[in-house]
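Source file query.txt; content: compact mmCIF, C-alpha atoms and all ligand atoms.
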# COMPACT_ATOMS: atom_id res chain seq x y z
CA MET A 1 13.04 4.48 50.27
CA ALA A 2 11.76 1.06 51.37
CA THR A 3 13.98 -1.88 50.44
CA SER A 4 11.36 -3.30 48.09
CA PRO A 5 9.34 -0.30 46.89
CA ARG A 6 6.09 -0.72 45.02
CA ILE A 7 6.89 0.70 41.57
CA ALA A 8 4.34 1.74 38.93
CA ILE A 9 5.48 2.57 35.42
CA ILE A 10 2.87 4.53 33.48
CA GLY A 11 3.19 3.67 29.78
CA GLY A 12 4.31 0.50 28.00
CA GLY A 13 6.29 2.14 25.20
CA PRO A 14 9.96 1.31 24.62
CA GLY A 15 11.10 3.33 27.67
CA GLY A 16 8.58 1.95 30.15
CA LEU A 17 9.01 -1.68 29.07
CA MET A 18 12.81 -1.37 29.10
CA LEU A 19 12.69 -0.04 32.65
CA ALA A 20 10.37 -2.88 33.72
CA ARG A 21 12.79 -5.41 32.22
CA LEU A 22 15.86 -3.91 33.89
CA LEU A 23 14.10 -3.72 37.26
CA GLN A 24 12.99 -7.34 36.87
CA VAL A 25 16.58 -8.42 36.11
CA ALA A 26 17.66 -6.61 39.30
CA GLY A 27 15.00 -8.48 41.31
CA THR A 28 12.71 -5.46 41.76
CA PRO A 29 9.35 -6.10 40.09
CA ALA A 30 7.24 -3.24 38.76
CA THR A 31 3.74 -2.89 37.30
CA VAL A 32 3.33 -1.29 33.87
CA PHE A 33 0.03 0.53 33.22
CA GLU A 34 -0.64 0.63 29.47
CA ARG A 35 -3.77 2.13 27.93
CA ASP A 36 -3.69 -0.10 24.82
CA PRO A 37 -6.07 -3.05 25.33
CA HIS A 38 -3.46 -5.54 24.06
CA ALA A 39 -0.02 -5.72 22.47
CA ALA A 40 -1.29 -5.81 18.87
CA HIS A 41 -3.84 -3.03 19.33
CA ARG A 42 -2.13 -0.52 16.99
CA PRO A 43 0.87 -0.48 14.67
CA GLN A 44 3.89 0.64 16.62
CA GLY A 45 5.40 2.85 13.92
CA GLY A 46 8.38 2.47 11.65
CA SER A 47 11.95 1.34 11.81
CA LEU A 48 14.56 2.89 14.07
CA ASP A 49 18.30 2.54 14.47
CA LEU A 50 19.86 1.75 17.83
CA HIS A 51 23.30 3.05 18.74
CA VAL A 52 25.82 1.01 20.68
CA GLU A 53 26.20 3.39 23.61
CA THR A 54 22.50 4.09 24.30
CA GLY A 55 19.73 1.82 22.95
CA GLN A 56 21.87 -1.25 22.35
CA ARG A 57 23.55 -0.87 25.75
CA ALA A 58 20.19 -0.89 27.57
CA LEU A 59 19.07 -4.02 25.69
CA PHE A 60 22.34 -5.76 26.49
CA LEU A 61 21.99 -4.85 30.19
CA GLY A 62 18.55 -6.43 30.02
CA GLY A 63 20.06 -9.66 28.63
CA LEU A 64 18.33 -9.11 25.29
CA GLU A 65 21.39 -8.99 23.03
CA ALA A 66 20.60 -12.20 21.16
CA ALA A 67 16.95 -11.25 20.63
CA PHE A 68 18.01 -7.84 19.34
CA HIS A 69 20.47 -9.31 16.83
CA ALA A 70 17.86 -11.83 15.66
CA HIS A 71 15.59 -8.93 14.61
CA ALA A 72 18.10 -6.20 13.73
CA ARG A 73 18.72 -5.25 10.11
CA PRO A 74 22.31 -3.99 9.70
CA GLU A 75 21.78 -4.01 5.92
CA ASP A 76 19.28 -1.11 6.07
CA GLN A 77 21.52 1.75 7.20
CA GLY A 78 21.89 3.54 3.86
CA ASP A 79 20.97 7.13 3.03
CA ARG A 80 19.83 8.80 -0.17
CA LEU A 81 19.03 12.42 -0.97
CA TYR A 82 17.03 13.70 -3.95
CA ASP A 83 16.07 17.17 -5.07
CA PRO A 84 12.44 17.95 -6.04
CA SER A 85 13.12 17.10 -9.70
CA GLY A 86 14.11 13.59 -8.67
CA VAL A 87 17.87 14.01 -9.19
CA LEU A 88 19.86 11.77 -6.83
CA LEU A 89 22.32 14.05 -5.00
CA PHE A 90 23.72 11.61 -2.43
CA ASP A 91 23.74 7.83 -2.13
CA HIS A 92 25.45 5.84 0.60
CA ASP A 93 24.83 2.15 1.23
CA GLY A 94 25.34 2.45 5.00
CA GLY A 95 28.40 0.17 5.01
CA GLY A 96 30.62 0.76 8.03
CA PHE A 97 27.87 2.13 10.29
CA GLU A 98 27.10 0.41 13.61
CA ARG A 99 23.49 1.46 14.10
CA PRO A 100 21.39 -1.45 12.87
CA GLU A 101 17.71 -0.85 12.22
CA ILE A 102 14.94 -2.66 14.06
CA ASP A 103 11.18 -2.38 13.64
CA ARG A 104 9.44 -0.76 16.58
CA THR A 105 6.98 -3.67 16.65
CA ALA A 106 9.87 -6.15 16.96
CA LEU A 107 11.49 -4.07 19.71
CA ARG A 108 8.24 -3.97 21.67
CA ALA A 109 7.76 -7.73 21.22
CA ILE A 110 11.30 -8.44 22.49
CA LEU A 111 10.68 -6.35 25.58
CA LEU A 112 7.21 -7.79 26.23
CA ASP A 113 8.44 -11.38 25.84
CA SER A 114 11.14 -10.70 28.43
CA LEU A 115 8.72 -9.65 31.16
CA ASP A 116 7.15 -11.86 33.79
CA GLU A 117 3.51 -12.72 33.27
CA GLY A 118 1.22 -10.01 34.59
CA THR A 119 3.82 -7.23 34.60
CA VAL A 120 1.83 -5.21 32.05
CA ARG A 121 -1.73 -4.22 32.89
CA TRP A 122 -3.32 -3.82 29.45
CA GLY A 123 -6.29 -1.52 28.95
CA ALA A 124 -5.21 0.47 32.01
CA ARG A 125 -5.47 4.12 31.00
CA VAL A 126 -4.21 6.24 33.87
CA SER A 127 -6.42 9.29 34.36
CA GLU A 128 -4.56 10.73 37.31
CA VAL A 129 -1.64 10.21 39.66
CA ARG A 130 -2.51 11.50 43.14
CA PRO A 131 0.24 12.18 45.70
CA ARG A 132 -0.74 11.11 49.25
CA PRO A 133 0.34 12.71 52.53
CA ASP A 134 2.36 9.58 53.44
CA GLY A 135 4.62 10.11 50.38
CA ALA A 136 3.08 7.34 48.25
CA CYS A 137 1.04 8.06 45.11
CA GLU A 138 -2.29 6.70 43.97
CA VAL A 139 -2.45 5.61 40.35
CA VAL A 140 -6.01 6.06 39.15
CA THR A 141 -7.59 4.06 36.32
CA GLU A 142 -11.22 3.33 35.58
CA ASP A 143 -10.81 0.15 37.67
CA GLY A 144 -9.96 2.20 40.76
CA ALA A 145 -6.92 3.56 42.54
CA ALA A 146 -3.82 1.70 43.80
CA ALA A 147 -0.96 3.05 45.91
CA TYR A 148 2.69 2.91 44.86
CA ASP A 149 5.89 4.16 46.50
CA ILE A 150 7.40 5.19 43.18
CA VAL A 151 5.62 6.24 39.99
CA VAL A 152 7.56 6.61 36.74
CA GLY A 153 5.94 8.59 33.94
CA ALA A 154 6.87 6.76 30.76
CA ASP A 155 3.62 7.81 29.12
CA GLY A 156 4.97 9.82 26.23
CA ALA A 157 4.28 13.28 24.86
CA TRP A 158 1.10 14.05 26.80
CA SER A 159 2.17 12.49 30.10
CA ARG A 160 -0.24 12.41 33.04
CA VAL A 161 2.71 12.33 35.46
CA ARG A 162 4.71 15.30 34.10
CA PRO A 163 2.28 17.98 35.41
CA LEU A 164 3.15 16.89 38.98
CA LEU A 165 6.78 17.80 38.30
CA SER A 166 6.78 20.55 35.70
CA ASP A 167 4.58 23.21 34.12
CA ALA A 168 6.07 22.56 30.67
CA SER A 169 3.87 21.30 27.88
CA PRO A 170 4.73 20.33 24.27
CA LEU A 171 4.58 23.10 21.68
CA TYR A 172 4.01 22.79 17.94
CA GLU A 173 7.27 22.96 15.98
CA GLY A 174 5.82 24.45 12.79
CA VAL A 175 5.91 21.23 10.74
CA VAL A 176 3.23 18.64 10.00
CA PHE A 177 4.08 15.06 9.04
CA VAL A 178 1.80 12.71 7.10
CA GLU A 179 2.77 9.08 7.54
CA MET A 180 2.18 6.58 4.70
CA GLY A 181 2.72 2.86 4.16
CA PHE A 182 4.09 0.97 1.12
CA GLU A 183 4.97 -2.61 0.26
CA ALA A 184 8.27 -3.09 -1.58
CA GLN A 185 6.76 -5.95 -3.64
CA THR A 186 3.85 -3.99 -5.04
CA HIS A 187 5.16 -0.40 -4.86
CA ARG A 188 8.28 -0.96 -6.97
CA PHE A 189 8.86 2.78 -7.42
CA ALA A 190 9.06 3.22 -3.64
CA ASP A 191 11.42 0.24 -3.35
CA GLU A 192 13.74 1.76 -5.95
CA LEU A 193 13.59 5.29 -4.51
CA THR A 194 14.39 4.15 -0.99
CA GLY A 195 17.69 2.40 -1.77
CA ALA A 196 19.53 0.69 1.08
CA GLY A 197 17.71 2.25 4.03
CA LYS A 198 16.27 5.72 3.98
CA MET A 199 15.74 8.48 1.45
CA PHE A 200 14.96 12.18 1.76
CA ALA A 201 13.70 14.33 -1.12
CA VAL A 202 14.01 17.92 0.01
CA GLY A 203 12.65 21.16 -1.44
CA ASP A 204 11.94 24.57 0.03
CA ASN A 205 10.36 24.02 3.47
CA ARG A 206 9.03 20.59 2.46
CA ALA A 207 10.30 17.03 2.26
CA LEU A 208 9.31 13.50 1.30
CA VAL A 209 10.94 10.68 3.26
CA ALA A 210 10.86 6.91 2.82
CA GLN A 211 12.38 4.35 5.14
CA ARG A 212 12.81 0.63 4.71
CA ASN A 213 11.17 -1.48 7.46
CA GLY A 214 11.26 -5.22 8.08
CA TYR A 215 9.20 -7.77 6.13
CA GLY A 216 9.22 -5.73 2.90
CA HIS A 217 7.38 -2.74 4.37
CA ILE A 218 8.39 0.82 3.55
CA ARG A 219 7.20 3.74 5.62
CA GLY A 220 6.88 7.15 3.99
CA TYR A 221 6.44 10.66 5.35
CA ALA A 222 5.46 13.92 3.71
CA GLY A 223 6.41 16.91 5.85
CA TRP A 224 6.04 20.63 5.37
CA ARG A 225 5.90 23.88 7.27
CA THR A 226 2.37 25.03 8.03
CA PRO A 227 0.60 26.95 10.83
CA GLU A 228 -0.62 24.93 13.80
CA ALA A 229 -4.32 25.49 13.07
CA ALA A 230 -3.87 24.13 9.52
CA ALA A 231 -1.97 21.09 10.85
CA GLN A 232 -4.70 20.36 13.42
CA THR A 233 -7.41 20.73 10.77
CA LEU A 234 -5.54 18.38 8.43
CA ALA A 235 -5.32 15.79 11.22
CA ARG A 236 -9.14 15.63 11.25
CA GLN A 237 -9.60 15.31 7.46
CA PRO A 238 -10.51 12.10 5.61
CA ALA A 239 -7.72 10.37 3.64
CA GLU A 240 -8.72 11.80 0.24
CA GLU A 241 -8.60 15.39 1.59
CA VAL A 242 -5.18 14.77 3.11
CA CYS A 243 -3.97 13.33 -0.21
CA ALA A 244 -5.30 16.38 -2.09
CA ALA A 245 -3.57 18.73 0.37
CA MET A 246 -0.26 16.89 -0.11
CA LEU A 247 -0.55 16.99 -3.90
CA GLU A 248 -1.01 20.76 -3.66
CA VAL A 249 1.99 21.19 -1.34
CA PHE A 250 4.23 19.06 -3.60
CA ASP A 251 2.90 20.45 -6.88
CA GLY A 252 5.68 20.66 -9.48
CA TRP A 253 7.80 17.86 -7.95
CA ALA A 254 8.92 14.97 -10.15
CA PRO A 255 6.16 12.38 -10.75
CA VAL A 256 8.42 9.62 -9.40
CA LEU A 257 8.35 11.44 -6.04
CA THR A 258 4.69 12.50 -5.98
CA GLU A 259 3.80 8.90 -6.78
CA MET A 260 4.43 8.36 -3.07
CA ILE A 261 1.48 10.60 -2.28
CA ARG A 262 -0.74 9.04 -4.94
CA GLN A 263 -0.04 5.42 -3.94
CA GLY A 264 0.76 5.52 -0.22
CA THR A 265 -1.71 4.18 2.34
CA LEU A 266 -2.41 6.99 4.78
CA LEU A 267 -1.39 5.95 8.30
CA ALA A 268 -1.43 9.14 10.36
CA VAL A 269 -1.20 12.93 10.33
CA ARG A 270 1.20 14.16 13.02
CA PRO A 271 1.64 17.81 13.93
CA ILE A 272 5.24 17.71 15.25
CA CYS A 273 5.52 18.94 18.86
CA ALA A 274 8.38 19.25 21.34
CA LEU A 275 9.03 20.19 24.95
CA PRO A 276 11.33 23.17 25.50
CA ILE A 277 14.98 22.29 24.85
CA GLY A 278 16.70 21.48 28.15
CA HIS A 279 13.42 20.63 29.94
CA SER A 280 14.10 19.60 33.53
CA TRP A 281 12.27 19.61 36.86
CA THR A 282 12.94 19.84 40.57
CA SER A 283 13.34 16.29 41.76
CA ARG A 284 10.50 15.02 43.95
CA PRO A 285 10.88 11.74 45.86
CA GLY A 286 8.59 9.03 44.53
CA LEU A 287 7.90 10.59 41.13
CA THR A 288 10.04 10.67 38.02
CA LEU A 289 9.90 10.70 34.22
CA LEU A 290 11.66 9.10 31.29
CA GLY A 291 11.61 9.17 27.50
CA ASP A 292 9.23 11.47 25.64
CA ALA A 293 7.42 12.33 28.88
CA ALA A 294 10.67 13.94 30.05
CA HIS A 295 12.04 15.36 26.81
CA LEU A 296 9.75 15.08 23.78
CA MET A 297 11.58 16.38 20.71
CA SER A 298 10.99 16.42 16.96
CA PRO A 299 12.22 13.23 15.22
CA PHE A 300 15.04 14.94 13.28
CA ALA A 301 17.87 13.70 15.46
CA GLY A 302 16.38 10.16 15.33
CA GLU A 303 17.18 9.90 19.05
CA GLY A 304 13.80 9.52 20.81
CA VAL A 305 13.77 5.77 21.35
CA LYS A 306 17.49 5.59 22.08
CA LEU A 307 17.11 8.22 24.77
CA ALA A 308 14.08 6.44 26.25
CA LEU A 309 16.08 3.18 26.49
CA ALA A 310 19.14 4.93 27.92
CA ASP A 311 16.96 6.75 30.49
CA ALA A 312 15.51 3.38 31.52
CA ALA A 313 19.03 2.04 32.15
CA ASP A 314 19.97 5.07 34.27
CA LEU A 315 16.76 5.01 36.28
CA ALA A 316 16.93 1.25 36.83
CA ASP A 317 20.43 1.66 38.28
CA ALA A 318 19.30 4.48 40.54
CA LEU A 319 16.08 2.82 41.70
CA THR A 320 17.87 -0.42 42.62
CA ALA A 321 20.93 1.21 44.23
CA GLY A 322 19.38 0.75 47.69
CA GLN A 323 20.08 4.40 48.51
CA ASP A 324 17.90 7.44 49.04
CA TRP A 325 16.27 9.57 46.33
CA THR A 326 19.47 11.63 45.80
CA VAL A 327 20.70 8.91 43.45
CA VAL A 328 17.51 9.20 41.38
CA ALA A 329 17.91 13.00 41.31
CA GLN A 330 21.43 12.47 39.95
CA ALA A 331 20.10 10.12 37.28
CA GLU A 332 17.46 12.72 36.33
CA ALA A 333 20.23 15.30 35.87
CA VAL A 334 22.08 12.88 33.56
CA ILE A 335 18.85 12.22 31.63
CA ALA A 336 18.13 15.94 31.19
CA ALA A 337 21.70 16.79 30.13
CA ARG A 338 21.83 13.97 27.55
CA ALA A 339 18.40 14.92 26.17
CA LYS A 340 19.36 18.60 25.89
CA ILE A 341 22.15 17.73 23.44
CA ALA A 342 19.80 15.55 21.38
CA ALA A 343 17.04 18.19 21.44
CA GLU A 344 19.47 20.79 20.11
CA GLY A 345 20.41 18.31 17.36
CA SER A 346 16.72 17.71 16.62
CA ALA A 347 15.96 21.41 16.35
CA ASP A 348 18.99 21.83 14.07
CA GLY A 349 17.84 18.86 11.98
CA LEU A 350 14.37 20.33 11.59
CA ARG A 351 15.84 23.68 10.48
CA THR A 352 18.16 21.88 8.04
CA VAL A 353 15.42 19.80 6.39
CA PHE A 354 12.72 22.48 6.36
CA SER A 355 14.64 25.51 5.11
CA PRO A 356 14.07 27.89 2.21
CA ASP A 357 17.34 26.55 0.74
CA GLY A 358 15.96 23.15 -0.28
CA ALA A 359 18.28 20.13 -0.42
CA ALA A 360 21.60 22.04 -0.21
CA PRO A 361 21.89 22.16 3.63
CA VAL A 362 20.96 18.45 3.88
CA LEU A 363 23.60 17.55 1.27
CA GLN A 364 26.17 19.51 3.24
CA HIS A 365 25.13 17.66 6.42
CA TYR A 366 25.64 14.25 4.74
CA ARG A 367 29.02 15.31 3.33
CA GLU A 368 30.20 16.56 6.72
CA ARG A 369 29.08 13.30 8.33
CA MET A 370 31.01 11.27 5.73
CA ALA A 371 34.09 13.42 6.31
CA GLY A 372 33.87 12.33 9.97
C1 LIG A 401 7.10 10.44 12.91
C2 LIG A 401 8.06 10.01 14.00
C3 LIG A 401 9.21 9.32 13.67
C4 LIG A 401 10.11 8.94 14.66
N1 LIG A 401 11.24 8.29 14.29
C5 LIG A 401 12.14 7.93 15.25
C6 LIG A 401 13.34 7.24 14.90
O1 LIG A 401 13.61 6.96 13.73
N2 LIG A 401 14.22 6.92 15.89
C7 LIG A 401 13.95 7.22 17.20
O2 LIG A 401 14.79 6.89 18.06
N3 LIG A 401 12.82 7.85 17.56
C8 LIG A 401 11.91 8.22 16.64
N4 LIG A 401 10.77 8.87 16.99
C9 LIG A 401 10.54 9.19 18.41
C10 LIG A 401 10.07 7.98 19.20
O3 LIG A 401 8.90 7.46 18.61
C11 LIG A 401 9.80 8.37 20.67
O4 LIG A 401 10.82 9.18 21.14
C12 LIG A 401 9.72 7.11 21.54
O5 LIG A 401 8.65 6.29 21.13
C13 LIG A 401 9.56 7.48 23.01
O6 LIG A 401 9.37 6.31 23.76
P1 LIG A 401 8.59 6.39 25.15
O7 LIG A 401 8.60 5.00 25.70
O8 LIG A 401 9.16 7.49 25.99
O9 LIG A 401 7.11 6.88 24.78
P2 LIG A 401 6.03 6.29 23.77
O10 LIG A 401 6.63 5.46 22.70
O11 LIG A 401 5.18 7.44 23.38
O12 LIG A 401 5.17 5.32 24.68
C14 LIG A 401 4.27 5.82 25.65
C15 LIG A 401 3.30 4.70 25.99
O13 LIG A 401 2.46 5.19 27.05
C16 LIG A 401 1.12 4.82 26.78
N5 LIG A 401 0.28 5.80 27.45
C17 LIG A 401 0.16 7.12 27.14
N6 LIG A 401 -0.70 7.72 27.99
C18 LIG A 401 -1.11 6.76 28.87
C19 LIG A 401 -1.99 6.77 29.99
N7 LIG A 401 -2.63 7.88 30.39
N8 LIG A 401 -2.19 5.62 30.67
C20 LIG A 401 -1.54 4.47 30.28
N9 LIG A 401 -0.71 4.40 29.21
C21 LIG A 401 -0.48 5.54 28.53
C22 LIG A 401 1.02 4.83 25.26
O14 LIG A 401 -0.04 4.03 24.77
C23 LIG A 401 2.38 4.29 24.85
O15 LIG A 401 2.39 2.88 24.73
C24 LIG A 401 9.85 9.25 16.03
C25 LIG A 401 8.67 9.94 16.37
C26 LIG A 401 7.79 10.33 15.37
C27 LIG A 401 6.54 11.10 15.74
Can you turn what I pasted into structure tokens?
Ligand SMILES: Cc1cc2nc3c(=O)[nH]c(=O)nc-3n(C[C@H](O)[C@H](O)[C@H](O)COP(=O)(O)OP(=O)(O)OC[C@H]3O[C@@H](n4cnc5c(N)ncnc54)[C@H](O)[C@@H]3O)c2cc1C
Amino acid sequence: MATSPRIAIIGGGPGGLMLARLLQVAGTPATVFERDPHAAHRPQGGSLDLHVETGQRALFLGGLEAAFHAHARPEDQGDRLYDPSGVLLFDHDGGGFERPEIDRTALRAILLDSLDEGTVRWGARVSEVRPRPDGACEVVTEDGAAAYDIVVGADGAWSRVRPLLSDASPLYEGVVFVEMGFEAQTHRFADELTGAGKMFAVGDNRALVAQRNGYGHIRGYAGWRTPEAAAQTLARQPAEEVCAAMLEVFDGWAPVLTEMIRQGTLLAVRPICALPIGHSWTSRPGLTLLGDAAHLMSPFAGEGVKLALADAADLADALTAGQDWTVVAQAEAVIAARAKIAAEGSADGLRTVFSPDGAAPVLQHYRERMAG
């Protein structure tokens, strides 16, 4: 590996931006190719918690501890569980946890603000990454092709880099999620339901979820088991059809819960997909992956962003170690092993929430967690 390799990071999500920051801190600049035309192009999604040993560690290594604490919301770590008739089965205010919430938009802004001018190439959708005989790779966008010594695929679920390393592709997990938005000020029922952080209402193979975000926003999800073709069809329907479908799925649930469907602003329909648990690849000098591109999983372990940030820390160490690619291969093995554990947790979480047994398995999960 050259002493100062040309590094391209494909994708300016949390993983790609974190890697760019850590490389910059180590004196090794990189270029981030991001398809969004600008930072505010689309909402970045809801709130997420960051754990000390993964997400928070990466931010601290990047010198972003103060910025993180300025935006973090330690007060929003609570959990609630309801049954379909609206009975509150579990209520914890989140006191004693060390996994403060932060909005994804705030996290992205912290990372973007920390990067040198010009690091991110906005509106740069990568159509192809082409290996060259000399070992470098061409990154192809509609503006042309440019050569890099190292290309990191941080481009999420449908990565353009992953096919160069692996035949694996995400598969539908049997559950569709409809994402909705609320304002605590105007949607008082949602504010009260949500409590001090997050609430689940769980019935047989279906669930409603609400999560407190910053600035008085609340993000809601309706999820249920359905065949892939039905989920894909739903994703193409207008908002009123999606609302009607949800009302049918949650027919018979308490009005205080179905009010979420009636009043929520539809944000997205997401068929939930995942890569095979334990996904890994044969290491290939000059090309690597991180985050969802490496190990997309369903959101039920709540680990996706934390893993992406932790991967960035491991890869930054390896890429700046001044040694050959073996060190990167070792980092990839660490990344795959850590993700395998989280992916197993995610698959377990999905089975727990979407089971024929309704809220009982989720209640047991919360009780076991409280018991330590
Ligand atoms: C409903 C839902 C809820 C979730 N909740 C949580 C949670 O609470 N906690 C948690 O930790 N995780 C959560 N996740 C998972 C989390 O969103 C992902 O794991 C995380 O965003 C992965 O980060 P990443 O940087 O690897 O990829 P991404 O965030 O997907 O970023 C990839 C970036 O690459 C860009 N890109 C893609 N293709 C190209 C291309 N061809 N050229 C250029 N740019 C490209 C995209 O625009 C994007 O900016 C949730 C996911 C879902 C679906």
Return as a PyMOL selection string every polymer residue, whether protein, DNA or RNA, with at least one atom no more than 8 Å from an atom of ligand LIG 401 (chain A); count all atoms listed in the file.
-> chain A and resi 10-17+33-36+45-50+123-128+141+154-160+177+179+221+270+272+290-294+296-309
Dump as a tab-separated table (two decimals), in the coordinates of the input, selection limited to C-alpha atoms:
chain	number	residue	atom	x	y	z
A	10	ILE	CA	2.87	4.53	33.48
A	11	GLY	CA	3.19	3.67	29.78
A	12	GLY	CA	4.31	0.50	28.00
A	13	GLY	CA	6.29	2.14	25.20
A	14	PRO	CA	9.96	1.31	24.62
A	15	GLY	CA	11.10	3.33	27.67
A	16	GLY	CA	8.58	1.95	30.15
A	17	LEU	CA	9.01	-1.68	29.07
A	33	PHE	CA	0.03	0.53	33.22
A	34	GLU	CA	-0.64	0.63	29.47
A	35	ARG	CA	-3.77	2.13	27.93
A	36	ASP	CA	-3.69	-0.10	24.82
A	45	GLY	CA	5.40	2.85	13.92
A	46	GLY	CA	8.38	2.47	11.65
A	47	SER	CA	11.95	1.34	11.81
A	48	LEU	CA	14.56	2.89	14.07
A	49	ASP	CA	18.30	2.54	14.47
A	50	LEU	CA	19.86	1.75	17.83
A	123	GLY	CA	-6.29	-1.52	28.95
A	124	ALA	CA	-5.21	0.47	32.01
A	125	ARG	CA	-5.47	4.12	31.00
A	126	VAL	CA	-4.21	6.24	33.87
A	127	SER	CA	-6.42	9.29	34.36
A	128	GLU	CA	-4.56	10.73	37.31
A	141	THR	CA	-7.59	4.06	36.32
A	154	ALA	CA	6.87	6.76	30.76
A	155	ASP	CA	3.62	7.81	29.12
A	156	GLY	CA	4.97	9.82	26.23
A	157	ALA	CA	4.28	13.28	24.86
A	158	TRP	CA	1.10	14.05	26.80
A	159	SER	CA	2.17	12.49	30.10
A	160	ARG	CA	-0.24	12.41	33.04
A	177	PHE	CA	4.08	15.06	9.04
A	179	GLU	CA	2.77	9.08	7.54
A	221	TYR	CA	6.44	10.66	5.35
A	270	ARG	CA	1.20	14.16	13.02
A	272	ILE	CA	5.24	17.71	15.25
A	290	LEU	CA	11.66	9.10	31.29
A	291	GLY	CA	11.61	9.17	27.50
A	292	ASP	CA	9.23	11.47	25.64
A	293	ALA	CA	7.42	12.33	28.88
A	294	ALA	CA	10.67	13.94	30.05
A	296	LEU	CA	9.75	15.08	23.78
A	297	MET	CA	11.58	16.38	20.71
A	298	SER	CA	10.99	16.42	16.96
A	299	PRO	CA	12.22	13.23	15.22
A	300	PHE	CA	15.04	14.94	13.28
A	301	ALA	CA	17.87	13.70	15.46
A	302	GLY	CA	16.38	10.16	15.33
A	303	GLU	CA	17.18	9.90	19.05
A	304	GLY	CA	13.80	9.52	20.81
A	305	VAL	CA	13.77	5.77	21.35
A	306	LYS	CA	17.49	5.59	22.08
A	307	LEU	CA	17.11	8.22	24.77
A	308	ALA	CA	14.08	6.44	26.25
A	309	LEU	CA	16.08	3.18	26.49
Work out how far CA of Leu208 (chain A) is from CA of Leu234 (chain A), in Å to one decimal.
->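 Pair CA of Leu234 (chain A) / CA of Leu208 (chain A) returns 17.2 Å.
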Polymer residues at most 9 Å from Glu332 (chain A), only C-alpha atoms, same-chain spacing of 6 or more positions, as a PDB file with C-alpha atoms, keeping the file's coordinate frame:
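What landed in selection.pdb:
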ATOM      1  CA  SER A 280      14.100  19.600  33.530  1.00  0.00           C
ATOM      2  CA  TRP A 281      12.270  19.610  36.860  1.00  0.00           C
ATOM      3  CA  SER A 283      13.340  16.290  41.760  1.00  0.00           C
ATOM      4  CA  THR A 288      10.040  10.670  38.020  1.00  0.00           C
ATOM      5  CA  LEU A 289       9.900  10.700  34.220  1.00  0.00           C
ATOM      6  CA  LEU A 290      11.660   9.100  31.290  1.00  0.00           C
ATOM      7  CA  ASP A 311      16.960   6.750  30.490  1.00  0.00           C
ATOM      8  CA  ASP A 314      19.970   5.070  34.270  1.00  0.00           C
ATOM      9  CA  LEU A 315      16.760   5.010  36.280  1.00  0.00           C
TER      10      LEU A 315
END
Near-region 365-371 of chain A list (12 Å; all atoms listed in the file; drop same-chain fewer than 2 positions) as a list in words = Gly78, Asp79, Arg80, Leu81, Leu89, Phe90, Asp91, His92, Asp93, Gly94, Gly95, Gly96, Phe97, Met199, Phe200, Gly345, Asp348, Gly349, Arg351, Thr352, Val353, Ala359, Ala360, Pro361, Val362 and Leu363 of chain A
Of the listed residues A:Ala184, A:Ile150, A:Met246, A:Ala235, that which approaches Ala268 (chain A) most closely, counting all atoms listed in the file =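 With all atoms listed in the file as the atom set, the closest residue is A:Ala235.
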Contact residues around Glu241 (chain A) with only C-alpha atoms at 12 Å, ignoring same-chain residues under 6 positions, as a compact mmCIF listing (two decimals) with C-alpha atoms, keeping the file's coordinate frame:
# COMPACT_ATOMS: atom_id res chain seq x y z
CA THR A 233 -7.41 20.73 10.77
CA LEU A 234 -5.54 18.38 8.43
CA ALA A 235 -5.32 15.79 11.22
CA LEU A 247 -0.55 16.99 -3.90
CA GLU A 248 -1.01 20.76 -3.66
CA ILE A 261 1.48 10.60 -2.28
CA LEU A 266 -2.41 6.99 4.78
CA VAL A 269 -1.20 12.93 10.33
d(CA of Val161 (chain A), CA of Leu287 (chain A)) in Å | 7.9 Å
